[in-house]
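*Asks:* My questions all concern the structure below.
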Amino acid sequence: MPSCVNCNRKLSWTEVFKQTMLVKRDPLRCPNCKQQLFFTAKSKKKLFLVSATVPILLVLLTSFQIPTTISVITLIVYALLVVLIVPFLVEVTNKEEALF
């Protein structure tokens, strides 16, 4: 889990999860020191790669003619794993970084 770069307080899973899963979001702030935190470019790339694997997985399941029920269950399990793991992939900084 990421820690605040200002006060080293560890951010909770819930705080990070809300920030990663909401489309319209307020800036992530440390609850302790109120410092505004940004995802690092490396974190943004990791999050993109994890979410981009869903369509790839769907194409693979379809191309190998896996039965629909198994495909749906596989996609649901993968989506749940992504939701649970994503907050652990995040790193934060006090400056906004460009993606590239």
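Chain lettering (A, B, ...) mirrors the order of the structure tokens, residue numbering begins at 1 for each chain separately, and ligand numbering begins at 1 in order of display.
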Identify all residues of chain A in strand (DSSP E) (DSSP on the backbone) and supply them as a PyMOL selection string.

*Replies:* chain A and resi 28-29+36-39+92-93

*Asks:* Can you spit out the residues from that selection as a tab-separated table (two decimals), in the first residue's frame, using N, CA and C atoms?

*Replies:*
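The new file result25.tsv reads:
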chain	number	residue	atom	x	y	z
A	28	LEU	N	-6.53	12.83	-4.59
A	28	LEU	CA	-6.25	11.98	-3.44
A	28	LEU	C	-5.51	12.83	-2.42
A	29	ARG	N	-6.00	12.83	-1.20
A	29	ARG	CA	-5.36	13.61	-0.13
A	29	ARG	C	-5.06	12.70	1.04
A	36	GLN	N	-1.88	16.85	-1.01
A	36	GLN	CA	-2.44	16.31	-2.24
A	36	GLN	C	-1.44	15.32	-2.83
A	37	LEU	N	-1.93	14.13	-3.21
A	37	LEU	CA	-1.08	13.07	-3.73
A	37	LEU	C	-1.50	12.70	-5.14
A	38	PHE	N	-0.53	12.33	-5.96
A	38	PHE	CA	-0.79	11.95	-7.35
A	38	PHE	C	-0.19	10.58	-7.61
A	39	PHE	N	-0.80	9.85	-8.53
A	39	PHE	CA	-0.24	8.56	-8.93
A	39	PHE	C	1.01	8.81	-9.77
A	92	VAL	N	2.48	6.69	-5.01
A	92	VAL	CA	2.07	8.10	-5.05
A	92	VAL	C	3.29	9.01	-4.91
A	93	THR	N	3.09	10.23	-5.39
A	93	THR	CA	4.10	11.28	-5.29
A	93	THR	C	3.38	12.59	-5.00

*Asks:* Skipping near chain neighbours, those fewer than 6 positions away, what residues fall within 10 Å of Thr74 of chain A using only C-alpha atoms, listed as a list in words?

*Replies:*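 Surrounding residues, per the criterion: Leu57, Leu58, Leu61, Thr68 and Leu80 of chain A.
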
*Asks:* Would you mind listing what lies within 9 Å of segment 6-11 of chain A as an mmCIF file with all heavy atoms, in the first residue's frame, with only C-alpha atoms counted and same-chain residues fewer than 2 positions away left out?

*Replies:*
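Resulting contents of selection.cif:
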data_model
loop_
_atom_site.group_PDB
_atom_site.id
_atom_site.type_symbol
_atom_site.label_atom_id
_atom_site.label_comp_id
_atom_site.auth_asym_id
_atom_site.auth_seq_id
_atom_site.Cartn_x
_atom_site.Cartn_y
_atom_site.Cartn_z
ATOM 1 N N MET A 1 0.841 -1.181 0.000
ATOM 2 C CA MET A 1 0.000 0.000 0.000
ATOM 3 C C MET A 1 0.887 1.246 0.000
ATOM 4 O O MET A 1 1.938 1.261 0.628
ATOM 5 C CB MET A 1 -0.885 0.008 1.238
ATOM 6 C CG MET A 1 -1.903 -1.118 1.310
ATOM 7 S SD MET A 1 -3.056 -1.217 -0.037
ATOM 8 C CE MET A 1 -3.869 0.309 0.047
ATOM 9 N N PRO A 2 0.444 2.270 -0.720
ATOM 10 C CA PRO A 2 1.259 3.485 -0.778
ATOM 11 C C PRO A 2 1.241 4.255 0.538
ATOM 12 O O PRO A 2 0.305 4.152 1.329
ATOM 13 C CB PRO A 2 0.594 4.294 -1.888
ATOM 14 C CG PRO A 2 -0.798 3.805 -1.940
ATOM 15 C CD PRO A 2 -0.755 2.360 -1.523
ATOM 16 N N SER A 3 2.282 5.009 0.736
ATOM 17 C CA SER A 3 2.395 5.870 1.910
ATOM 18 C C SER A 3 2.501 7.314 1.450
ATOM 19 O O SER A 3 3.026 7.595 0.373
ATOM 20 C CB SER A 3 3.632 5.520 2.726
ATOM 21 O OG SER A 3 3.552 4.210 3.207
ATOM 22 N N CYS A 4 2.032 8.208 2.284
ATOM 23 C CA CYS A 4 2.126 9.639 1.991
ATOM 24 C C CYS A 4 3.599 10.027 1.925
ATOM 25 O O CYS A 4 4.394 9.634 2.790
ATOM 26 C CB CYS A 4 1.402 10.435 3.071
ATOM 27 S SG CYS A 4 1.552 12.219 2.886
ATOM 28 N N TRP A 13 -6.576 0.753 2.040
ATOM 29 C CA TRP A 13 -7.014 0.120 0.805
ATOM 30 C C TRP A 13 -8.237 0.845 0.257
ATOM 31 O O TRP A 13 -8.341 1.091 -0.937
ATOM 32 C CB TRP A 13 -7.336 -1.356 1.069
ATOM 33 C CG TRP A 13 -7.752 -2.105 -0.149
ATOM 34 C CD1 TRP A 13 -6.931 -2.762 -1.021
ATOM 35 C CD2 TRP A 13 -9.083 -2.277 -0.649
ATOM 36 N NE1 TRP A 13 -7.668 -3.325 -2.029
ATOM 37 C CE2 TRP A 13 -8.999 -3.045 -1.823
ATOM 38 C CE3 TRP A 13 -10.332 -1.855 -0.215
ATOM 39 C CZ2 TRP A 13 -10.119 -3.401 -2.563
ATOM 40 C CZ3 TRP A 13 -11.455 -2.208 -0.948
ATOM 41 C CH2 TRP A 13 -11.329 -2.973 -2.117
ATOM 42 N N THR A 14 -9.160 1.218 1.136
ATOM 43 C CA THR A 14 -10.401 1.885 0.734
ATOM 44 C C THR A 14 -10.125 3.237 0.087
ATOM 45 O O THR A 14 -10.726 3.571 -0.930
ATOM 46 C CB THR A 14 -11.332 2.071 1.948
ATOM 47 O OG1 THR A 14 -11.474 0.818 2.604
ATOM 48 C CG2 THR A 14 -12.679 2.586 1.539
ATOM 49 N N GLU A 15 -9.231 4.010 0.671
ATOM 50 C CA GLU A 15 -8.897 5.328 0.120
ATOM 51 C C GLU A 15 -8.330 5.206 -1.293
ATOM 52 O O GLU A 15 -8.737 5.932 -2.206
ATOM 53 C CB GLU A 15 -7.887 6.040 1.020
ATOM 54 C CG GLU A 15 -8.412 6.410 2.377
ATOM 55 C CD GLU A 15 -7.323 6.742 3.373
ATOM 56 O OE1 GLU A 15 -6.137 6.454 3.117
ATOM 57 O OE2 GLU A 15 -7.673 7.298 4.425
ATOM 58 N N VAL A 16 -7.415 4.288 -1.472
ATOM 59 C CA VAL A 16 -6.794 4.102 -2.780
ATOM 60 C C VAL A 16 -7.786 3.509 -3.768
ATOM 61 O O VAL A 16 -7.857 3.910 -4.929
ATOM 62 C CB VAL A 16 -5.530 3.216 -2.667
ATOM 63 C CG1 VAL A 16 -4.900 2.995 -4.027
ATOM 64 C CG2 VAL A 16 -4.531 3.842 -1.714
ATOM 65 N N CYS A 30 -3.949 12.962 1.667
ATOM 66 C CA CYS A 30 -3.585 12.231 2.874
ATOM 67 C C CYS A 30 -4.530 12.666 3.991
ATOM 68 O O CYS A 30 -4.676 13.864 4.246
ATOM 69 C CB CYS A 30 -2.137 12.532 3.262
ATOM 70 S SG CYS A 30 -1.653 11.805 4.835
ATOM 71 N N PRO A 31 -5.182 11.722 4.658
ATOM 72 C CA PRO A 31 -6.096 12.110 5.746
ATOM 73 C C PRO A 31 -5.367 12.728 6.935
ATOM 74 O O PRO A 31 -5.972 13.458 7.715
ATOM 75 C CB PRO A 31 -6.746 10.789 6.162
ATOM 76 C CG PRO A 31 -6.426 9.810 5.110
ATOM 77 C CD PRO A 31 -5.218 10.299 4.387
ATOM 78 N N ASN A 32 -4.091 12.465 7.059
ATOM 79 C CA ASN A 32 -3.333 12.954 8.199
ATOM 80 C C ASN A 32 -2.840 14.382 7.999
ATOM 81 O O ASN A 32 -3.111 15.267 8.801
ATOM 82 C CB ASN A 32 -2.158 12.010 8.459
ATOM 83 C CG ASN A 32 -1.452 12.307 9.746
ATOM 84 O OD1 ASN A 32 -2.059 12.673 10.733
ATOM 85 N ND2 ASN A 32 -0.143 12.156 9.730
ATOM 86 N N CYS A 33 -2.126 14.641 6.899
ATOM 87 C CA CYS A 33 -1.513 15.960 6.678
ATOM 88 C C CYS A 33 -2.216 16.781 5.598
ATOM 89 O O CYS A 33 -1.820 17.904 5.332
ATOM 90 C CB CYS A 33 -0.040 15.797 6.326
ATOM 91 S SG CYS A 33 0.257 14.994 4.736
ATOM 92 N N GLN A 35 -2.035 16.602 2.499
ATOM 93 C CA GLN A 35 -1.182 16.787 1.312
ATOM 94 C C GLN A 35 -1.865 16.150 0.105
ATOM 95 O O GLN A 35 -2.376 15.038 0.191
ATOM 96 C CB GLN A 35 0.179 16.137 1.557
ATOM 97 C CG GLN A 35 1.098 16.128 0.372
ATOM 98 C CD GLN A 35 1.727 17.471 0.098
ATOM 99 O OE1 GLN A 35 1.916 18.269 0.999
ATOM 100 N NE2 GLN A 35 2.049 17.729 -1.142
ATOM 101 N N ASN A 94 4.126 13.618 -4.652
ATOM 102 C CA ASN A 94 3.481 14.907 -4.372
ATOM 103 C C ASN A 94 3.405 15.811 -5.598
ATOM 104 O O ASN A 94 2.872 16.900 -5.529
ATOM 105 C CB ASN A 94 4.197 15.614 -3.230
ATOM 106 C CG ASN A 94 5.668 15.838 -3.503
ATOM 107 O OD1 ASN A 94 6.212 15.347 -4.494
ATOM 108 N ND2 ASN A 94 6.318 16.573 -2.627
#

*Asks:* Determine the nearest neighbour of Phe17 of chain A from the options A:Leu47, A:Leu99, A:Pro55, A:Leu75, counting only C-alpha atoms.

*Replies:*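 For Phe17 of chain A, the nearest of the given residues is A:Leu47.
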
*Asks:* At a cut-off of 12 Å, using only C-alpha atoms, what residues contact segment 48-54 of chain A? Leave out same-chain residues fewer than 3 positions from it and give the result as a compact mmCIF listing (two decimals) with N, CA, C and O atoms, in the first residue's frame.

*Replies:*
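Below is the file that was written, around33.txt:
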# COMPACT_ATOMS: atom_id res chain seq x y z
N THR A 20 -8.91 4.98 -7.48
CA THR A 20 -8.62 4.28 -8.73
C THR A 20 -9.88 3.90 -9.49
O THR A 20 -9.85 3.81 -10.71
N MET A 21 -10.98 3.70 -8.81
CA MET A 21 -12.18 3.19 -9.47
C MET A 21 -13.20 4.26 -9.86
O MET A 21 -14.11 3.99 -10.64
N ALA A 41 3.74 7.98 -12.76
CA ALA A 41 3.56 7.52 -14.14
C ALA A 41 3.68 6.00 -14.21
O ALA A 41 2.94 5.34 -14.94
N LYS A 42 4.57 5.44 -13.43
CA LYS A 42 4.74 3.98 -13.39
C LYS A 42 3.45 3.31 -12.91
O LYS A 42 3.04 2.29 -13.46
N SER A 43 2.80 3.88 -11.90
CA SER A 43 1.55 3.33 -11.40
C SER A 43 0.44 3.40 -12.45
O SER A 43 -0.34 2.45 -12.61
N LYS A 44 0.38 4.53 -13.14
CA LYS A 44 -0.64 4.68 -14.18
C LYS A 44 -0.46 3.64 -15.27
O LYS A 44 -1.44 3.07 -15.77
N LYS A 45 0.79 3.35 -15.63
CA LYS A 45 1.06 2.34 -16.65
C LYS A 45 0.67 0.95 -16.16
O LYS A 45 0.08 0.16 -16.90
N LEU A 57 -7.99 -11.15 -22.63
CA LEU A 57 -8.49 -12.40 -22.07
C LEU A 57 -9.78 -12.83 -22.76
O LEU A 57 -9.97 -14.00 -23.09
N LEU A 58 -10.65 -11.88 -23.03
CA LEU A 58 -11.91 -12.18 -23.72
C LEU A 58 -11.64 -12.73 -25.12
O LEU A 58 -12.25 -13.72 -25.53
N VAL A 59 -10.72 -12.13 -25.84
CA VAL A 59 -10.38 -12.60 -27.19
C VAL A 59 -9.78 -14.01 -27.13
O VAL A 59 -10.13 -14.88 -27.93
N LEU A 60 -8.90 -14.25 -26.16
CA LEU A 60 -8.30 -15.58 -26.04
C LEU A 60 -9.35 -16.65 -25.71
O LEU A 60 -9.33 -17.74 -26.30
N LEU A 61 -10.24 -16.33 -24.79
CA LEU A 61 -11.28 -17.30 -24.43
C LEU A 61 -12.18 -17.60 -25.63
O LEU A 61 -12.58 -18.74 -25.85
N SER A 71 -16.17 -18.98 -19.69
CA SER A 71 -15.63 -17.66 -20.05
C SER A 71 -16.15 -16.58 -19.12
O SER A 71 -15.39 -15.73 -18.64
N VAL A 72 -17.44 -16.59 -18.88
CA VAL A 72 -18.06 -15.58 -18.01
C VAL A 72 -17.51 -15.70 -16.59
O VAL A 72 -17.15 -14.69 -15.96
N THR A 74 -14.66 -16.98 -15.67
CA THR A 74 -13.26 -16.56 -15.70
C THR A 74 -13.14 -15.04 -15.71
O THR A 74 -12.32 -14.48 -14.96
N LEU A 75 -13.94 -14.37 -16.51
CA LEU A 75 -13.89 -12.91 -16.57
C LEU A 75 -14.33 -12.27 -15.25
O LEU A 75 -13.75 -11.28 -14.80
N ILE A 76 -15.34 -12.85 -14.60
CA ILE A 76 -15.80 -12.32 -13.32
C ILE A 76 -14.73 -12.50 -12.25
O ILE A 76 -14.43 -11.57 -11.49
N VAL A 77 -14.12 -13.67 -12.20
CA VAL A 77 -13.06 -13.92 -11.23
C VAL A 77 -11.88 -12.99 -11.48
O VAL A 77 -11.32 -12.40 -10.54
N TYR A 78 -11.50 -12.81 -12.74
CA TYR A 78 -10.40 -11.91 -13.07
C TYR A 78 -10.72 -10.47 -12.66
O TYR A 78 -9.88 -9.77 -12.07
N ALA A 79 -11.94 -10.03 -12.94
CA ALA A 79 -12.34 -8.67 -12.57
C ALA A 79 -12.29 -8.48 -11.06
O ALA A 79 -11.83 -7.44 -10.57
N LEU A 80 -12.74 -9.47 -10.31
CA LEU A 80 -12.68 -9.36 -8.84
C LEU A 80 -11.24 -9.32 -8.34
O LEU A 80 -10.92 -8.55 -7.44
N LEU A 81 -10.38 -10.13 -8.94
CA LEU A 81 -8.97 -10.09 -8.57
C LEU A 81 -8.35 -8.73 -8.86
O LEU A 81 -7.57 -8.21 -8.06
N VAL A 82 -8.69 -8.17 -10.00
CA VAL A 82 -8.18 -6.84 -10.36
C VAL A 82 -8.62 -5.81 -9.33
O VAL A 82 -7.82 -5.01 -8.85
N VAL A 83 -9.89 -5.85 -8.97
CA VAL A 83 -10.42 -4.89 -8.00
C VAL A 83 -9.69 -5.02 -6.66
O VAL A 83 -9.39 -4.02 -6.01
N LEU A 84 -9.39 -6.23 -6.26
CA LEU A 84 -8.72 -6.43 -4.98
C LEU A 84 -7.24 -6.07 -5.02
O LEU A 84 -6.69 -5.57 -4.04
N ILE A 85 -6.59 -6.28 -6.15
CA ILE A 85 -5.14 -6.09 -6.24
C ILE A 85 -4.72 -4.67 -6.62
O ILE A 85 -3.66 -4.20 -6.20
N VAL A 86 -5.53 -3.98 -7.38
CA VAL A 86 -5.16 -2.65 -7.92
C VAL A 86 -4.64 -1.69 -6.84
O VAL A 86 -3.61 -1.05 -7.06
N PRO A 87 -5.26 -1.56 -5.68
CA PRO A 87 -4.71 -0.61 -4.70
C PRO A 87 -3.28 -0.93 -4.25
O PRO A 87 -2.55 -0.05 -3.83
N LEU A 89 -0.93 -1.91 -6.26
CA LEU A 89 -0.02 -1.57 -7.36
C LEU A 89 0.28 -0.07 -7.42
O LEU A 89 1.15 0.35 -8.17
N VAL A 90 -0.43 0.71 -6.65
CA VAL A 90 -0.35 2.17 -6.74
C VAL A 90 0.84 2.70 -5.94
O VAL A 90 1.11 2.25 -4.84
N LEU A 99 2.28 11.00 -18.23
CA LEU A 99 2.26 9.57 -18.45
C LEU A 99 3.45 9.12 -19.28
O LEU A 99 4.02 8.06 -19.04
